[in-house]
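A.B. asks: Quick one: the structure is below, and I'll ask about it shortly.
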Amino acid sequence: MVELRFRTDEAPEQPAVTLDAFLDQSNATAVRLEPDDEPRALLPHLDRIALIEIAFPKFRDGRGYSSARILREAGYAGELRAEGDVLVDQIGFMRRCGFDSFAPARPLDMAAVERALERFAHVYQPAADGAVPVWKLRHGG
Amino acid sequence: MKLLTGNDLKDGRVTWWTGSGWSLHVEDAVDVGEKGEAILAAEEGARRVNAPYVIDAIATPEGPRPAHIKDRIRALGPTVRPDLTLKPADPAAGEWVI
Amino acid sequence: MYRYDQYDQAIVDARVAEFSDQVARRLAGEISEDEFKPLRLTNGLYLQLHAYMLRVAIPYGTMDSRQMRMLAHIARTYDRGYGHFTTRQNIQYNWIKLEDSPAILADLASVEMHAIQTSGNCIRNISSDQFAGAAADEVADPRVWAEMLRQWSTFHPEFSYLPRKFKIAVIAADEDRAAMRLHDIGIQLVTQDGVVGARVFVGGGMGRTPMVAPEIVPFVRREDFLATMEACLRVYNRHGRRDNIYKARIKILVHDLGAAEYARQVEEELVAVKALGIDPPAAEWERIERFFAMPEGLAPKASLALDGKAGSAFAHWRARNTRPHKVAGHVSVTISLKPVGGIPGDATAEQIDVMADLAQRYSHDELRVTHSQNIVLPHVAESDLPAIYDALVAAELADANIDLVSDIIACPGLDYCSLANARSIPVAQKIAQRFADAERQRDIGELKLKISGCINACGHHHAGHIGILGVDRKGTENYQLLLGGSGAEDASLGKIMGPGFDEDGVVDAVEKVVERYRTLRSDGERFLDTYRRVGMEPFKEAVYG
C-alpha cells in the first residue's frame with residue numbers, strides 16, 4: 001500500500017504488470033520492475049506509462065536506485081514507486097534517485113521519515129531530484 | 001555444555017547468560033541446554049544484548065571453558081594487551097586462552 | 001590541506017544529527033539490529049569481539065595537528081587510551097560504547113572529521129600517496145582528485161547499497177606507494193600533451209580472490225572524471241553479483257565479463273551519464289587545488305651536514321625514515337609505529353599528541369597516515385631533524401625500520417576482530433623480536449612482511465614480499481606462508497609456499513626464508529628481486545628441507 005506520495009496528480013489505478021507482460025501488451029500503463037529487469041527496455045514507451053513500480057525485495061539490494069535514475073534521466077515524468085523492503089533511512093536516497101511514491105512492506109515511522117527528509121540541506125552531487133550540488137552554490141549557483 | 005553469549009547493546013561489552021541475567025564473567029555462565037535459542041530471542045527482544053549466540057563449552061573446576069579460541073579470547077580480552085583483559089593482575093591468564 | 005566551508009560543515013553536522021537519531025531509535029527498539037547494522041556500518045561502527053569498534057575516516061590520510069589531537073582526545077575520553085592506524089589510512093578505536101558514539105561523531109565534526117562511509121557496502125574513504133604534495137616524482141597532487149572523489153562519493157544516493165564495499169586509491173607517480181592496482185578502482189594521474197588526467201584501473205583487490213586491476217580507461221580529462229566514475233559504478237551496481245557475498249566485489253564482475261567488455265559497458269553508460277552535467281566546473285577544481293598548494297614559507301634551504309654523526313642511531317634513522325622532498329633542504333619523515341615487540345599501527349594518546357606537536361612545530365601543521373600503518377611528517381626542514389629525532393626517542397617512536405623486516409603490516413586479527421580465524425599481532429611481535437638486531441635488519445634490506453588473520457586480507461598478505469595468512473585448522477591457529485607479492489608499481493600476488501605452520505613454526509620459517517635469501521642474493525638485490533629470479537624452490541627447500 002502506498003504510504004507516502006509526493007505527487008499532486010491522481011494516483012494511477014491500473015495494476016502494475018511485469019515487464020514481460022508490459023512489453024507484450026500495448027494497453028498497459030503501469031509496470032513493475034524487478035531488480036534484475038532492464039529499465040532501458042521501457043524507454044521507447046515512457047510517454048504512455050503512468051506508473052513504474054520498482055521492487056525492493058531486500059533493502060540491501062540497491063539495483064533499484066540505478067533503475068530509477070536511468071528512467072528519470074531518460075525523461076520519465078510519471079509516478080515512480082519504491083515497493084517492498086523500504087526503510088526510513090533509505091527514503092532520502094530514494095527521493096534523490098527520483099522516486100516519488102513509497103509502498104513499504106512494513107509501516108514507516110512517519111515522524112522519523114519527516115526528520116530524515118529535512119535533515120540534509122545540501123548535497124554534493126546532482127541526481128534525479130533537481131537538488132543543486134554544493135559546487136554549484138560555491139560558484140554562484 | 002552450551003553457553004549463551006553476546007555483547008551488551010549499549011556498551012558492547014562481552015556478556016554471558018547466568019540463568020537470570022548477564023555477567024561479564026564466563027565463570028558465571030550456565031549451561032542453557034537446548035533452551036539457548038528461546039532465551040536468545042527473548043533477550044534480544046528485551047534489548048539487553050546484541051548479536052547473541054549459543055556456543056559449545058566444557059565444564060572445568062574453574063568454570064566453563066568455551067570450546068573455540070575466539071570465545072576464550074572474548075571471555076578474557078586481547079591476548080596482546082594483558083593490561084586490558086578482565087584479569088590484568090594474573091600473568092598466567094593468557095595461557096587459559098591457548 | 002582542504003578546509004571545510006559552510007556546506008561541508010553543514011553536511012557533516014547533519015550526519016551527526018542523523019546518527020544520533022538512528023542510535024536513539026535502535027536503543028528504543030524501534031529498529032532491529034538487522035536494520036541498524038548497515039546504518040551503523042556506514043558510520044564506521046562495528047561490533048567486534050570485545051566491544052563496538054569505531055573507524056574514523058582520515059581522507060587520503062591527511063590531517064593537521066588539531067585533528068590529530070582530537071584523535072588523542074577520543075582515545076583518552078571514550079576509549080582506553082590508544083588507537084590503531086589502519087591500512088586504509090584511517091584510525092580505529094577498539095572499546096567504543098554505542099551510547100557514546102553520537103558524542104564522538106560530534107567531537108570529530110568540530111575539527112572537520114567524520115566516520116562517514118568507513119564501512120558498509122558503499123564507496124569507502126579514498127586513499128592516496130602518503131607523500132602527496134611533497135614527492136618530487138608526482139605529476140600533480142593526487143589529493144585534489146581524491147578530494148573531488150570524497151565529495152562526489154559522500155552520501156551518493158545511487159551507490160549507497162552496492163553489492164559490496166568499494167575502495168578507491170589515487171596516486172600521481174610511477175612509483176606506487178598506495179597499492180593502487182589492488183583497489184576496486186585505482187587511479188594514476190598522468191600527463192598527456194601537457195594535460196593532467198586519470199588513468200583508470202578497475203577490478204583489483206585482495207581478499208579471497210586477489211586480483212591486480214586491469215586498465216579500463218587510458219586517459220580521462222578532469223572535466224569527464226566524475227562522469228566516468230559514475231559510469232564505472234553504475235555498471236557495477238546494476239550487474240555486480242549479489243547472490244554470493246564472496247563474489248560480489250567488482251573484481252569478479254570485471255573478471256567474468258573480461259576487461260574489454262566491462263570497458264565497453266562503461267563507455268556505453270558514459271554516453272548517458274555525460275549528458276547529466278555531474279562534473280563540477282574548472283572553478284571548483286581550482287578552488288580545491290588552492291588548498292593543496294605548497295605550504296607558505298616552505299622555501300629551499302641548505303642541506304644538513306651530519307657533523308661527524310655517521311653511524312650514530314640518528315644517522316641510521318635519518319637514512320631509513322626520511323625521503324627527499326620537492327623543495328631542497330627538506331625531507332618527509334616517516335615515524336614508525338612498529339617498535340620491536342609492539343602492536344603494528346597502535347599509538348597511545350600521548351604518542352598521538354607528540355606527533356601532533358611535531359607536525360605543528362616542524363611540518364607546516366601536516367601529518368599523513370600511510371597504508372603501512374605509519375605516520376608521516378611531510379614537510380620537514382633537514383635542520384630540524386635532530387630535534388624531531390630527540391622528541392621521537394623520548395616518545396618511543398624512533399625505530400629506524402621503515403620498509404625493513406620489522407616494519408610489518410598486521411591486521412588486528414583474532415585478538416580483536418570477529419571475522420578473524422587466527423591472531424596476527426603475536427606473530428608480528430615474534431617476528432620483529434626474532435629480527436630485533438638492527439644491524440641484521442639493515443643487512444637484509446627492504447622486505448615487506450604482511451600478516452592477515454583471515455582470508456579477507458586486511459593485512460595485505462597477498463601483497464607482502466613475504467605474506468602470512470592465519471587460518472583456522474580444526475579449532476587451532478595455523479599460518480600459511482606466501483612469497484613474492486608486491487603492492488607497489490611492480491604489483492604481483494604472493495604464492496602459497498606449502499603446508500602451514502603453528503605460531504612458532506611460521507616465525508622459524510620466515511627466518512629460514514630470509515637466511516636463504518642472504519645466501520642467494522646478488523649485489524643490490526632485494527628479497528623480492530631474488531625471489532623473482534630464483535623462484536619458490538630454493539626457499540621451499542630451506543623451509544621444508
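Residues are referred to by chain and number: the chain letter is A, B, ... according to the order shown in the C-alpha cells, the number counts from 1 in that chain, and ligands are numbered separately from 1 in the order shown.
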What residues in chain A lie within 8 Å of chain C, counting only C-alpha atoms, written as an MDAnalysis selection string?
C.D. replies: chainID A and resid 36 60:63 65:66 69 73 89 92:94 96:97 116 119:127 134:136 138:139
A.B. asks: When the cut-off is 12 Å and we count only C-alpha atoms, which residues of chain B are near chain C, given as a CSV table (one decimal) with C-alpha atoms, in the first residue's frame?
C.D. replies:
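Result saved to iface_35.csv:
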chain,number,residue,atom,x,y,z
B,5,THR,CA,26.9,-15.2,24.9
B,6,GLY,CA,26.6,-11.8,23.2
B,7,ASN,CA,27.6,-8.2,23.6
B,8,ASP,CA,25.8,-5.6,25.7
B,9,LEU,CA,23.7,-3.5,23.4
B,10,LYS,CA,24.7,-0.2,24.9
B,11,ASP,CA,28.3,-0.5,25.8
B,12,GLY,CA,29.3,-3.5,23.6
B,13,ARG,CA,31.0,-5.5,26.4
B,14,VAL,CA,31.0,-9.3,26.2
B,15,THR,CA,28.3,-10.8,28.3
B,24,LEU,CA,30.9,-10.0,32.2
B,44,GLU,CA,17.3,-9.7,22.1
B,45,GLY,CA,13.7,-8.5,22.1
B,46,ALA,CA,14.3,-7.0,25.6
B,47,ARG,CA,17.3,-5.2,24.1
B,48,ARG,CA,19.7,-6.2,26.8
B,49,VAL,CA,22.0,-8.0,24.5
B,50,ASN,CA,23.3,-7.6,20.9
B,51,ALA,CA,24.1,-10.4,18.5
B,52,PRO,CA,23.7,-13.2,21.0
B,66,PRO,CA,34.4,-22.1,25.7
B,67,ALA,CA,35.4,-24.7,23.1
B,68,HIS,CA,36.6,-22.2,20.5
B,69,ILE,CA,39.6,-19.9,20.9
B,70,LYS,CA,37.6,-17.0,19.6
B,71,ASP,CA,35.2,-17.2,22.6
B,72,ARG,CA,38.0,-17.7,25.0
B,73,ILE,CA,39.6,-14.5,23.7
B,74,ARG,CA,36.2,-12.9,24.1
B,75,ALA,CA,35.9,-14.2,27.6
B,76,LEU,CA,39.3,-12.8,28.7
B,77,GLY,CA,40.3,-9.9,26.4
B,78,PRO,CA,43.0,-9.4,23.8
B,79,THR,CA,46.0,-11.6,24.5
B,80,VAL,CA,48.4,-8.9,23.3
B,81,ARG,CA,47.1,-6.4,25.9
B,82,PRO,CA,47.0,-8.3,29.2
B,83,ASP,CA,46.5,-5.0,30.9
B,84,LEU,CA,43.2,-4.6,29.2
B,85,THR,CA,41.8,-8.1,30.0
B,86,LEU,CA,39.5,-9.0,32.8
B,94,GLY,CA,46.6,-15.7,28.7
B,97,VAL,CA,43.1,-18.9,26.0
B,98,ILE,CA,45.6,-21.0,24.1
A.B. asks: So what do you get for atom CA of C:Leu377 versus atom CA of C:Val333, distance-wise?
C.D. replies: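 Computing it gives 5.0 Å between the two atoms.
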A.B. asks: Any idea what's packed within 9 Å of C:Met180, counting only C-alpha atoms, ignoring anything in its chain fewer than 5 positions away? Could you give it as a PyMOL selection string?
C.D. replies: chain C and resi 127-128+168-171+185-188+201+204+213+487-489+491
A.B. asks: When you look at C:Gly505 with a cut-off of 12 Å (counting only C-alpha atoms), what residues show up, excluding the ones that are within fewer than 5 positions of it in the same chain? I need them as a ChimeraX atom specification.
C.D. replies: /C:427,430-431,468,477-481,499-500,510-512,543-544
A.B. asks: Taking 4 positions as the minimum chain separation for residues in the same chain, which residues sit within 9 Å of stretch 133-144 of chain C when counting only C-alpha atoms? Answer as a PyMOL selection string.
C.D. replies: chain C and resi 1-2+59-60+62+127-129+148-149+170-175+188-191+196+285+288-289+291-294+323-327+331-332+378-379
A.B. asks: Write out as a PyMOL selection string which residues come within 10 Å of stretch 51-57 of chain A when counting only C-alpha atoms, dropping same-chain ones fewer than 4 positions away.
C.D. replies: chain A and resi 11-19+28-37+39+42+46+61-65+67-68+71+76-86+99+101-105
A.B. asks: Quick check, in Å to one decimal: how far apart do atom CA of C:His114 and atom CA of C:Thr370 lie?
C.D. replies: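 Atom-to-atom, atom CA of C:His114 and atom CA of C:Thr370 are spaced 18.7 Å apart.
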A.B. asks: Extract the full set of strand (DSSP E) residues from chain A according to DSSP on the backbone, and format it as a PyMOL selection string.
C.D. replies: chain A and resi 4-5+17-18+30-33+51-56+79-84+101-104
A.B. asks: For atom CA of C:Met206 and atom CA of C:Ser119, determine how far apart the two atoms are, in Å to one decimal place.
C.D. replies: 16.5 Å
A.B. asks: Determine which residues of chain A DSSP labels as alpha helix (DSSP H) from the backbone of this structure, then write them out as a VMD selection string.
C.D. replies: chain A and resid 19 to 24 63 to 73 91 to 96 110 to 119 134 to 138
